[in-house]
Amino acid sequence: MKDKKYYISTAIAYTSGKPHIGNTYEIVLADAIARFKRLEGYDVYLQTGTDEHGEKIELKAKEASITPQAYVDNVASEIKNIWDIMNTSYDKFVRTTDKHHEEVVQHIFKYMYDKGDIYKDEYKGLYCTPCESFWTESQLVDGKCPDCGREVQEKCEEAYFFKLSKYQKRLEEYLESHPDFIEPASRKNEMINNFLKPGLQDLCVSRTSFSWGIPVDFDPKHVVYVWLDALTNYITNIGYDVDNKTEEFSYKWPADLHLVGKDIIRFHTIYWPCFLMSLDLPLPHKVFGHPWLIMNDGKMSKSKGNIVYADDLVTEFGVDAVRYYFLHEIPFASDGIFSHELLIDKINSDLVNILGNLVNRTISMNYKYFDGIIQNLGQLNDLDNALIASVENLGKVVSQKMDELKVGDAIEEIFNILRKCNKYIDDTTPWVLAKDSQNNERLGTVLHVLLESIRICAVYLQAFMPDTAEKIFTQLNTENKDLASTKEFGHGLKVGETLGEAIHLFDRIDIK
Ligand code: MSP
């Protein structure tokens, strides 16, 4: 069974504030991959959650005049709520303030210290609070934090360091012998050229300047660096402890896919592998650094006032329209743009015109000509066979695109079939066939081909737009929703029984 398990994780979101559509995009992407793997028969485990420690959060709580714990409790529940609004099927929502996680992080820190991989020294450097990162002068860009572009402060503190340098060679060898470990490839080259080649410097893994963190238990004025705390969430929540590796852990680890944004790939492909090597654990199979969702006037930011929240979009446009936009419009390797106009445009052009109309026309015609009764699949001609051949090939192409994590392309393949179905209606002209009762068998066949093609598309759509797929199945009056049912065209519908009621899947939106 182990070869059929699939452990996928998202980055855990900071509980510094309500997540915008950019952060929300990631859980939707992870959910689509997880749902597709489940369709393929994998025993999927999708883990997500929140990253709740650090100076930034301590400061935010102070501003709000509440305790950090009260602050993170509020935001974590807001984040979970948005993940639920997006209909994401996570198996576990983890929090780094969870007692068990905190204890295991303390054990990990001690283990690394006893092993000599963590040592005490003094840190002098330039610190970026929002990113919780120390930088050297040469790493700054225009004197500012290279990650977020904000001011950095000079800091000097007694600190513990992790010997990244010790694992440099092993990591280099690993990246070389596992060319698919980091994707897309452009990100791998960035990691090798910008971080590994210049040489890894030991990493400061404790802080004394604030207290909202996991205390180092043998030296409690230190708290554990938030990234060491956060990265270990991937193991502490599946039954790992330094001297107790449970069966669950042996089954689930290593993770099959860590899905993270392009900005934090360094933490996942350099620090995290070195931490795992220190713990003598295998590395995850793959880290995918997805591109960003940006606004048409650039990055979302409070100062620009261009922040958009997913729950607002869902209230206005419905969950599957938003999911469709996120999943279809953000390419594999370059940023995707969001604007209300683009979203509305896609709803009208793809969801209403291509998908909604096709389903509605087909079901309505079947009612008009056959009282809704599903007809036999009769003799097939070249037009039918051409469409059926592409429908039968769909599973292969969608699976291949999903294996490559090209989710937008996978959806596009489904929509290409839907376009072909629309063209098939134009080519077969059912309304002309309906004029002569001698054509009844032919007309029934045409409608059957359409209904079955729609059903098979809906099987795949379950991963991306689960509610919409369900509404299609209800209209088709079928329970055949699994991949096995797509293998042989023409066996998924209940011939002689009546379809469900025809409904509009999506409403056209007036851009004004
Ligand atoms: N807490 C860290 C992750 C720790 S993982 C051990 C963090 N949190 S975050 O809240 O800032 O970001 C969460 C995820 O959202 C990250 O993968 C980040 O790259 C992603 N995104 C943040 N803004 C984004 C967009 N505008 N678009 C797409 N993803 C974005 O980083």
# chains A, B, ... in the order shown; residues from 1 in each chain; ligands from 1
$ closest_atom_pairs --of "chain A" --to "ligand 1" --cutoff "9 Å" --atoms "only C-alpha atoms and all ligand atoms" --output "JSON lines"
{"residue": "A:Thr10", "atom": "CA", "partner": "ligand 1", "partner_atom_place_in_ligand_line": "17 (O)", "distance": 7.0}
{"residue": "A:Ala11", "atom": "CA", "partner": "ligand 1", "partner_atom_place_in_ligand_line": "5 (S)", "distance": 3.8}
{"residue": "A:Ile12", "atom": "CA", "partner": "ligand 1", "partner_atom_place_in_ligand_line": "5 (S)", "distance": 4.6}
{"residue": "A:Ala13", "atom": "CA", "partner": "ligand 1", "partner_atom_place_in_ligand_line": "10 (O)", "distance": 3.5}
{"residue": "A:Tyr14", "atom": "CA", "partner": "ligand 1", "partner_atom_place_in_ligand_line": "10 (O)", "distance": 4.0}
{"residue": "A:Thr15", "atom": "CA", "partner": "ligand 1", "partner_atom_place_in_ligand_line": "10 (O)", "distance": 7.1}
{"residue": "A:Ser16", "atom": "CA", "partner": "ligand 1", "partner_atom_place_in_ligand_line": "10 (O)", "distance": 7.9}
{"residue": "A:Gly17", "atom": "CA", "partner": "ligand 1", "partner_atom_place_in_ligand_line": "10 (O)", "distance": 8.6}
{"residue": "A:Pro19", "atom": "CA", "partner": "ligand 1", "partner_atom_place_in_ligand_line": "10 (O)", "distance": 6.9}
{"residue": "A:His20", "atom": "CA", "partner": "ligand 1", "partner_atom_place_in_ligand_line": "23 (N)", "distance": 7.6}
{"residue": "A:Ile21", "atom": "CA", "partner": "ligand 1", "partner_atom_place_in_ligand_line": "26 (N)", "distance": 6.9}
{"residue": "A:Gly22", "atom": "CA", "partner": "ligand 1", "partner_atom_place_in_ligand_line": "25 (C)", "distance": 3.3}
{"residue": "A:Asn23", "atom": "CA", "partner": "ligand 1", "partner_atom_place_in_ligand_line": "15 (O)", "distance": 3.7}
{"residue": "A:Thr24", "atom": "CA", "partner": "ligand 1", "partner_atom_place_in_ligand_line": "15 (O)", "distance": 7.0}
{"residue": "A:Tyr25", "atom": "CA", "partner": "ligand 1", "partner_atom_place_in_ligand_line": "28 (C)", "distance": 5.8}
{"residue": "A:Glu26", "atom": "CA", "partner": "ligand 1", "partner_atom_place_in_ligand_line": "29 (N)", "distance": 5.9}
{"residue": "A:Ile27", "atom": "CA", "partner": "ligand 1", "partner_atom_place_in_ligand_line": "15 (O)", "distance": 8.5}
{"residue": "A:Thr50", "atom": "CA", "partner": "ligand 1", "partner_atom_place_in_ligand_line": "1 (N)", "distance": 7.0}
{"residue": "A:Asp51", "atom": "CA", "partner": "ligand 1", "partner_atom_place_in_ligand_line": "1 (N)", "distance": 4.9}
{"residue": "A:Glu52", "atom": "CA", "partner": "ligand 1", "partner_atom_place_in_ligand_line": "1 (N)", "distance": 7.9}
{"residue": "A:Cys131", "atom": "CA", "partner": "ligand 1", "partner_atom_place_in_ligand_line": "31 (O)", "distance": 8.4}
{"residue": "A:Val226", "atom": "CA", "partner": "ligand 1", "partner_atom_place_in_ligand_line": "1 (N)", "distance": 8.5}
{"residue": "A:Trp227", "atom": "CA", "partner": "ligand 1", "partner_atom_place_in_ligand_line": "6 (C)", "distance": 6.5}
{"residue": "A:Leu228", "atom": "CA", "partner": "ligand 1", "partner_atom_place_in_ligand_line": "6 (C)", "distance": 8.2}
{"residue": "A:Asp229", "atom": "CA", "partner": "ligand 1", "partner_atom_place_in_ligand_line": "6 (C)", "distance": 8.0}
{"residue": "A:Ala230", "atom": "CA", "partner": "ligand 1", "partner_atom_place_in_ligand_line": "6 (C)", "distance": 4.4}
{"residue": "A:Leu231", "atom": "CA", "partner": "ligand 1", "partner_atom_place_in_ligand_line": "6 (C)", "distance": 3.9}
{"residue": "A:Thr232", "atom": "CA", "partner": "ligand 1", "partner_atom_place_in_ligand_line": "6 (C)", "distance": 7.2}
{"residue": "A:Asn233", "atom": "CA", "partner": "ligand 1", "partner_atom_place_in_ligand_line": "6 (C)", "distance": 6.8}
{"residue": "A:Tyr234", "atom": "CA", "partner": "ligand 1", "partner_atom_place_in_ligand_line": "6 (C)", "distance": 7.7}
{"residue": "A:Leu259", "atom": "CA", "partner": "ligand 1", "partner_atom_place_in_ligand_line": "17 (O)", "distance": 7.2}
{"residue": "A:Val260", "atom": "CA", "partner": "ligand 1", "partner_atom_place_in_ligand_line": "17 (O)", "distance": 3.9}
{"residue": "A:Gly261", "atom": "CA", "partner": "ligand 1", "partner_atom_place_in_ligand_line": "19 (O)", "distance": 3.0}
{"residue": "A:Lys262", "atom": "CA", "partner": "ligand 1", "partner_atom_place_in_ligand_line": "19 (O)", "distance": 5.6}
{"residue": "A:Asp263", "atom": "CA", "partner": "ligand 1", "partner_atom_place_in_ligand_line": "19 (O)", "distance": 5.2}
{"residue": "A:Ile264", "atom": "CA", "partner": "ligand 1", "partner_atom_place_in_ligand_line": "19 (O)", "distance": 5.8}
{"residue": "A:Ile265", "atom": "CA", "partner": "ligand 1", "partner_atom_place_in_ligand_line": "19 (O)", "distance": 8.1}
{"residue": "A:Phe267", "atom": "CA", "partner": "ligand 1", "partner_atom_place_in_ligand_line": "6 (C)", "distance": 7.9}
{"residue": "A:His268", "atom": "CA", "partner": "ligand 1", "partner_atom_place_in_ligand_line": "6 (C)", "distance": 7.5}
{"residue": "A:Trp272", "atom": "CA", "partner": "ligand 1", "partner_atom_place_in_ligand_line": "6 (C)", "distance": 8.9}
{"residue": "A:Gly289", "atom": "CA", "partner": "ligand 1", "partner_atom_place_in_ligand_line": "17 (O)", "distance": 7.9}
{"residue": "A:His290", "atom": "CA", "partner": "ligand 1", "partner_atom_place_in_ligand_line": "29 (N)", "distance": 7.2}
{"residue": "A:Pro291", "atom": "CA", "partner": "ligand 1", "partner_atom_place_in_ligand_line": "28 (C)", "distance": 6.1}
{"residue": "A:Trp292", "atom": "CA", "partner": "ligand 1", "partner_atom_place_in_ligand_line": "27 (N)", "distance": 3.4}
{"residue": "A:Leu293", "atom": "CA", "partner": "ligand 1", "partner_atom_place_in_ligand_line": "27 (N)", "distance": 3.8}
{"residue": "A:Ile294", "atom": "CA", "partner": "ligand 1", "partner_atom_place_in_ligand_line": "26 (N)", "distance": 5.4}
{"residue": "A:Met295", "atom": "CA", "partner": "ligand 1", "partner_atom_place_in_ligand_line": "26 (N)", "distance": 8.3}
{"residue": "A:Lys299", "atom": "CA", "partner": "ligand 1", "partner_atom_place_in_ligand_line": "26 (N)", "distance": 6.6}
{"residue": "A:Met300", "atom": "CA", "partner": "ligand 1", "partner_atom_place_in_ligand_line": "26 (N)", "distance": 6.6}
{"residue": "A:Asp335", "atom": "CA", "partner": "ligand 1", "partner_atom_place_in_ligand_line": "27 (N)", "distance": 7.9}
{"residue": "A:Gly336", "atom": "CA", "partner": "ligand 1", "partner_atom_place_in_ligand_line": "27 (N)", "distance": 8.3}
$ residues_around --residues "Ile192 (chain A)" --least-positions-apart "3" --cutoff "10 Å" --atoms "only C-alpha atoms" --output "number ranges by chain"
A: 172, 175-176, 187-189, 195-199, 266, 269-270
$ write_last_selection --atoms "all heavy atoms" --output "short mmCIF file (atom, residue, chain, number, x, y, z; two decimals), in the first residue's frame"
data_model
loop_
_atom_site.label_atom_id
_atom_site.label_comp_id
_atom_site.auth_asym_id
_atom_site.auth_seq_id
_atom_site.Cartn_x
_atom_site.Cartn_y
_atom_site.Cartn_z
N GLU A 172 24.49 19.24 -2.13
CA GLU A 172 24.86 19.41 -3.55
C GLU A 172 24.73 18.09 -4.29
O GLU A 172 24.16 18.02 -5.38
CB GLU A 172 26.30 19.92 -3.67
CG GLU A 172 26.39 21.42 -3.56
CD GLU A 172 27.84 21.92 -3.42
OE1 GLU A 172 28.78 21.07 -3.37
OE2 GLU A 172 28.01 23.12 -3.35
N LEU A 175 21.06 17.15 -4.79
CA LEU A 175 20.38 17.90 -5.86
C LEU A 175 20.81 17.39 -7.22
O LEU A 175 20.01 17.32 -8.16
CB LEU A 175 20.66 19.40 -5.75
CG LEU A 175 20.08 20.10 -4.52
CD1 LEU A 175 20.29 21.60 -4.60
CD2 LEU A 175 18.59 19.81 -4.37
N GLU A 176 22.07 17.03 -7.31
CA GLU A 176 22.58 16.53 -8.58
C GLU A 176 21.97 15.17 -8.93
O GLU A 176 21.56 14.93 -10.07
CB GLU A 176 24.09 16.37 -8.48
CG GLU A 176 24.79 16.66 -9.79
CD GLU A 176 26.19 17.12 -9.51
OE1 GLU A 176 26.39 18.33 -9.22
OE2 GLU A 176 27.07 16.26 -9.54
N ARG A 187 13.82 27.33 -10.67
CA ARG A 187 14.01 27.58 -9.22
C ARG A 187 15.21 26.79 -8.70
O ARG A 187 15.92 27.23 -7.81
CB ARG A 187 12.79 27.17 -8.43
CG ARG A 187 11.52 27.77 -8.90
CD ARG A 187 11.04 28.89 -8.00
NE ARG A 187 9.87 29.50 -8.58
CZ ARG A 187 9.86 30.63 -9.27
NH1 ARG A 187 10.96 31.34 -9.41
NH2 ARG A 187 8.76 31.10 -9.80
N LYS A 188 15.40 25.62 -9.26
CA LYS A 188 16.54 24.80 -8.82
C LYS A 188 17.84 25.52 -9.15
O LYS A 188 18.73 25.64 -8.30
CB LYS A 188 16.50 23.44 -9.53
CG LYS A 188 17.66 22.56 -9.12
CD LYS A 188 17.58 21.20 -9.72
CE LYS A 188 18.03 21.24 -11.17
NZ LYS A 188 17.85 19.94 -11.82
N ASN A 189 17.91 26.06 -10.36
CA ASN A 189 19.14 26.75 -10.76
C ASN A 189 19.39 27.96 -9.87
O ASN A 189 20.53 28.25 -9.48
CB ASN A 189 19.05 27.19 -12.22
CG ASN A 189 18.85 25.97 -13.11
OD1 ASN A 189 19.20 24.85 -12.72
ND2 ASN A 189 18.26 26.18 -14.28
N PHE A 195 22.67 30.33 -3.74
CA PHE A 195 22.89 29.96 -2.34
C PHE A 195 23.96 28.89 -2.15
O PHE A 195 24.82 29.03 -1.30
CB PHE A 195 21.57 29.53 -1.70
CG PHE A 195 20.61 30.67 -1.59
CD1 PHE A 195 19.61 30.84 -2.53
CD2 PHE A 195 20.73 31.62 -0.58
CE1 PHE A 195 18.73 31.92 -2.46
CE2 PHE A 195 19.86 32.70 -0.50
CZ PHE A 195 18.85 32.84 -1.44
N LEU A 196 23.89 27.84 -2.95
CA LEU A 196 24.85 26.76 -2.73
C LEU A 196 26.25 27.11 -3.22
O LEU A 196 27.24 26.93 -2.51
CB LEU A 196 24.36 25.47 -3.38
CG LEU A 196 23.35 24.68 -2.56
CD1 LEU A 196 22.81 23.51 -3.33
CD2 LEU A 196 23.98 24.19 -1.25
N LYS A 197 26.32 27.64 -4.42
CA LYS A 197 27.64 27.94 -4.98
C LYS A 197 28.45 28.92 -4.13
O LYS A 197 29.63 28.68 -3.89
CB LYS A 197 27.51 28.43 -6.43
CG LYS A 197 27.20 27.29 -7.41
CD LYS A 197 27.92 27.47 -8.74
CE LYS A 197 27.72 26.22 -9.58
NZ LYS A 197 26.93 26.49 -10.78
N PRO A 198 27.83 30.03 -3.67
CA PRO A 198 28.60 30.95 -2.83
C PRO A 198 29.01 30.32 -1.49
O PRO A 198 29.81 30.89 -0.75
CB PRO A 198 27.65 32.13 -2.60
CG PRO A 198 26.57 31.99 -3.61
CD PRO A 198 26.48 30.54 -3.94
N GLY A 199 28.44 29.17 -1.13
CA GLY A 199 28.80 28.49 0.12
C GLY A 199 27.77 28.80 1.21
O GLY A 199 27.38 29.94 1.39
N ARG A 266 13.74 28.61 -0.81
CA ARG A 266 15.07 28.47 -0.18
C ARG A 266 14.97 27.73 1.16
O ARG A 266 15.79 26.87 1.48
CB ARG A 266 15.64 29.88 0.04
CG ARG A 266 16.86 29.95 0.91
CD ARG A 266 17.46 31.34 0.83
NE ARG A 266 16.50 32.38 1.20
CZ ARG A 266 16.46 32.99 2.37
NH1 ARG A 266 17.31 32.67 3.31
NH2 ARG A 266 15.59 33.94 2.61
N THR A 269 14.31 23.99 0.38
CA THR A 269 15.24 23.18 -0.42
C THR A 269 16.68 23.30 0.06
O THR A 269 17.56 22.63 -0.45
CB THR A 269 15.16 23.57 -1.92
OG1 THR A 269 15.51 24.95 -2.03
CG2 THR A 269 13.79 23.32 -2.48
N ILE A 270 16.91 24.17 1.04
CA ILE A 270 18.26 24.26 1.60
C ILE A 270 18.22 23.97 3.10
O ILE A 270 18.77 22.99 3.57
CB ILE A 270 18.90 25.62 1.26
CG1 ILE A 270 19.07 25.67 -0.26
CG2 ILE A 270 20.24 25.79 2.00
CD1 ILE A 270 19.80 26.82 -0.82
#
$ closest_residue --among "A:Ile337, A:Leu351, A:Leu39, A:Met86" --to "Tyr309 (chain A)" --atoms "only C-alpha atoms"
A:Met86
$ residues_around --residues "Asp241 (chain A)" --least-positions-apart "2" --cutoff "12 Å" --atoms "only C-alpha atoms" --output "MDAnalysis selection string"
chainID A and resid 100:111 232:239 243:250 279 281
$ write_last_selection --atoms "C-alpha atoms" --output "PDB file, in the first residue's frame"
ATOM      1  CA  HIS A 100       2.725  18.326  20.996  1.00  0.00           C
ATOM      2  CA  HIS A 101       4.437  20.191  18.166  1.00  0.00           C
ATOM      3  CA  GLU A 102       6.180  22.465  20.657  1.00  0.00           C
ATOM      4  CA  GLU A 103       7.509  19.527  22.653  1.00  0.00           C
ATOM      5  CA  VAL A 104       8.833  17.692  19.625  1.00  0.00           C
ATOM      6  CA  VAL A 105      10.530  20.872  18.367  1.00  0.00           C
ATOM      7  CA  GLN A 106      12.304  21.110  21.749  1.00  0.00           C
ATOM      8  CA  HIS A 107      13.422  17.488  21.416  1.00  0.00           C
ATOM      9  CA  ILE A 108      14.659  18.131  17.879  1.00  0.00           C
ATOM     10  CA  PHE A 109      16.628  21.195  18.980  1.00  0.00           C
ATOM     11  CA  LYS A 110      18.224  19.265  21.838  1.00  0.00           C
ATOM     12  CA  TYR A 111      19.010  16.310  19.600  1.00  0.00           C
ATOM     13  CA  THR A 232       9.382  20.668  11.321  1.00  0.00           C
ATOM     14  CA  ASN A 233       5.567  20.811  11.231  1.00  0.00           C
ATOM     15  CA  TYR A 234       5.785  18.402   8.323  1.00  0.00           C
ATOM     16  CA  ILE A 235       7.071  15.649  10.622  1.00  0.00           C
ATOM     17  CA  THR A 236       5.873  16.569  14.113  1.00  0.00           C
ATOM     18  CA  ASN A 237       2.254  16.185  12.998  1.00  0.00           C
ATOM     19  CA  ILE A 238       2.574  12.717  11.515  1.00  0.00           C
ATOM     20  CA  GLY A 239       3.864  10.912  14.560  1.00  0.00           C
ATOM     21  CA  ASP A 243      13.266   8.756  19.942  1.00  0.00           C
ATOM     22  CA  ASN A 244       9.867   7.537  18.814  1.00  0.00           C
ATOM     23  CA  LYS A 245       9.173   7.167  15.144  1.00  0.00           C
ATOM     24  CA  THR A 246       5.641   5.812  14.956  1.00  0.00           C
ATOM     25  CA  GLU A 247       4.182   3.509  12.341  1.00  0.00           C
ATOM     26  CA  GLU A 248       2.195   6.433  10.992  1.00  0.00           C
ATOM     27  CA  PHE A 249       5.437   8.313  10.492  1.00  0.00           C
ATOM     28  CA  SER A 250       7.167   5.432   8.712  1.00  0.00           C
ATOM     29  CA  LEU A 279      17.909  14.015  12.000  1.00  0.00           C
ATOM     30  CA  LEU A 281      15.679  11.273   7.898  1.00  0.00           C
TER      31      LEU A 281
END
$ select_by_dssp --residues "region 167-293 of chain A" --states "helix (DSSP H, G or I)" --output "ChimeraX atom specification"
/A:167-177,185-196,226-231,233-236,247-252,262-278
$ closest_residue --among "A:Ile354, A:Val446, A:Met277, A:Cys156" --to "Leu418 (chain A)" --atoms "only C-alpha atoms"
A:Ile354
$ residues_around --residues "Leu203 (chain A)" --least-positions-apart "4" --cutoff "7 Å" --atoms "only C-alpha atoms" --output "PDB file with C-alpha atoms, in the first residue's frame"
ATOM      1  CA  PHE A 161      23.673  28.247  15.187  1.00  0.00           C
ATOM      2  CA  PHE A 162      22.936  25.286  12.983  1.00  0.00           C
ATOM      3  CA  LYS A 163      25.890  23.893  11.013  1.00  0.00           C
ATOM      4  CA  LEU A 164      24.493  24.251   7.523  1.00  0.00           C
TER       5      LEU A 164
END
$ select_by_dssp --residues "region 181-292 of chain A" --states "strand (DSSP E)" --output "list in words"
Ile182, Glu183, Leu203, Cys204, Ser206, Arg207, Val223, Val224, Tyr240, Asp241, Asn244, Lys245, Leu257, His258, Leu259, Val260, Gly261, Val287, Phe288, Gly289 and His290 of chain A
$ write_last_selection --atoms "C-alpha atoms" --output "tab-separated table (two decimals), in the first residue's frame"
chain	number	residue	atom	x	y	z
A	182	ILE	CA	13.04	21.08	-7.00
A	183	GLU	CA	10.53	22.25	-9.54
A	203	LEU	CA	22.21	29.48	10.28
A	204	CYS	CA	21.15	31.35	13.39
A	206	SER	CA	17.51	30.91	18.18
A	207	ARG	CA	16.44	34.39	19.28
A	223	VAL	CA	13.32	30.81	21.64
A	224	VAL	CA	13.67	28.54	18.61
A	240	TYR	CA	7.57	11.79	14.60
A	241	ASP	CA	9.64	12.29	17.70
A	244	ASN	CA	9.87	7.54	18.81
A	245	LYS	CA	9.17	7.17	15.14
A	257	LEU	CA	5.18	16.93	-2.36
A	258	HIS	CA	5.81	20.11	-0.43
A	259	LEU	CA	3.89	22.81	-2.22
A	260	VAL	CA	5.26	26.26	-1.41
A	261	GLY	CA	5.42	29.73	-2.92
A	287	VAL	CA	9.39	20.65	-3.53
A	288	PHE	CA	7.37	22.68	-5.99
A	289	GLY	CA	7.79	26.46	-5.81
A	290	HIS	CA	4.62	27.76	-7.38
$ closest_residue --among "A:Cys145, A:Gly500, A:Ala32, A:Tyr167" --to "Ala410 (chain A)" --atoms "only C-alpha atoms"
A:Ala32
$ closest_residue --among "A:Asp350, A:Asp311, A:Glu122, A:Asp384" --to "Val205 (chain A)" --atoms "only C-alpha atoms"
A:Glu122
$ residues_around --residues "Phe134 (chain A)" --least-positions-apart "6" --cutoff "10 Å" --atoms "only C-alpha atoms" --output "list in words"
Tyr123, Lys124, Gly125, Leu126, Tyr127, Cys128, Cys145, Val152, Gln153, Glu154, Lys155, Leu203 and Cys204 of chain A
$ write_last_selection --atoms "N, CA, C and O atoms" --output "mmCIF file, in the first residue's frame"
data_model
loop_
_atom_site.group_PDB
_atom_site.id
_atom_site.type_symbol
_atom_site.label_atom_id
_atom_site.label_comp_id
_atom_site.auth_asym_id
_atom_site.auth_seq_id
_atom_site.Cartn_x
_atom_site.Cartn_y
_atom_site.Cartn_z
ATOM 1 N N TYR A 123 25.689 36.485 17.535
ATOM 2 C CA TYR A 123 25.275 36.904 16.192
ATOM 3 C C TYR A 123 25.262 38.407 16.063
ATOM 4 O O TYR A 123 24.639 39.120 16.823
ATOM 5 N N LYS A 124 26.002 38.881 15.047
ATOM 6 C CA LYS A 124 25.926 40.303 14.693
ATOM 7 C C LYS A 124 25.431 40.340 13.275
ATOM 8 O O LYS A 124 25.974 39.673 12.401
ATOM 9 N N GLY A 125 24.362 41.062 13.034
ATOM 10 C CA GLY A 125 23.900 41.083 11.648
ATOM 11 C C GLY A 125 22.763 42.049 11.425
ATOM 12 O O GLY A 125 22.378 42.817 12.319
ATOM 13 N N LEU A 126 22.268 42.009 10.228
ATOM 14 C CA LEU A 126 21.184 42.899 9.828
ATOM 15 C C LEU A 126 19.930 42.052 9.767
ATOM 16 O O LEU A 126 19.914 41.000 9.116
ATOM 17 N N TYR A 127 18.907 42.508 10.481
ATOM 18 C CA TYR A 127 17.742 41.653 10.684
ATOM 19 C C TYR A 127 16.489 42.274 10.068
ATOM 20 O O TYR A 127 16.235 43.470 10.219
ATOM 21 N N CYS A 128 15.730 41.438 9.369
ATOM 22 C CA CYS A 128 14.447 41.894 8.827
ATOM 23 C C CYS A 128 13.345 41.248 9.657
ATOM 24 O O CYS A 128 13.165 40.030 9.614
ATOM 25 N N CYS A 145 16.072 44.604 2.775
ATOM 26 C CA CYS A 145 15.864 43.150 2.775
ATOM 27 C C CYS A 145 15.661 42.629 1.353
ATOM 28 O O CYS A 145 14.789 43.126 0.634
ATOM 29 N N VAL A 152 16.161 47.025 7.191
ATOM 30 C CA VAL A 152 16.653 46.026 8.140
ATOM 31 C C VAL A 152 17.278 46.753 9.340
ATOM 32 O O VAL A 152 17.637 47.915 9.228
ATOM 33 N N GLN A 153 17.349 46.066 10.481
ATOM 34 C CA GLN A 153 17.951 46.676 11.672
ATOM 35 C C GLN A 153 19.206 45.904 12.076
ATOM 36 O O GLN A 153 19.244 44.684 11.916
ATOM 37 N N GLU A 154 20.187 46.645 12.647
ATOM 38 C CA GLU A 154 21.369 45.957 13.163
ATOM 39 C C GLU A 154 21.019 45.248 14.451
ATOM 40 O O GLU A 154 20.321 45.798 15.296
ATOM 41 N N LYS A 155 21.490 44.029 14.571
ATOM 42 C CA LYS A 155 21.194 43.286 15.787
ATOM 43 C C LYS A 155 22.426 42.516 16.225
ATOM 44 O O LYS A 155 23.172 42.013 15.375
ATOM 45 N N LEU A 203 23.481 28.768 10.144
ATOM 46 C CA LEU A 203 22.212 29.484 10.278
ATOM 47 C C LEU A 203 21.882 29.742 11.739
ATOM 48 O O LEU A 203 21.954 28.841 12.572
ATOM 49 N N CYS A 204 21.523 30.991 12.023
ATOM 50 C CA CYS A 204 21.154 31.353 13.386
ATOM 51 C C CYS A 204 19.767 30.763 13.702
ATOM 52 O O CYS A 204 18.796 31.070 13.018
#
$ atom_distance --atom1 "CA of Asn74 (chain A)" --atom2 "CA of Gly305 (chain A)"
22.9 Å
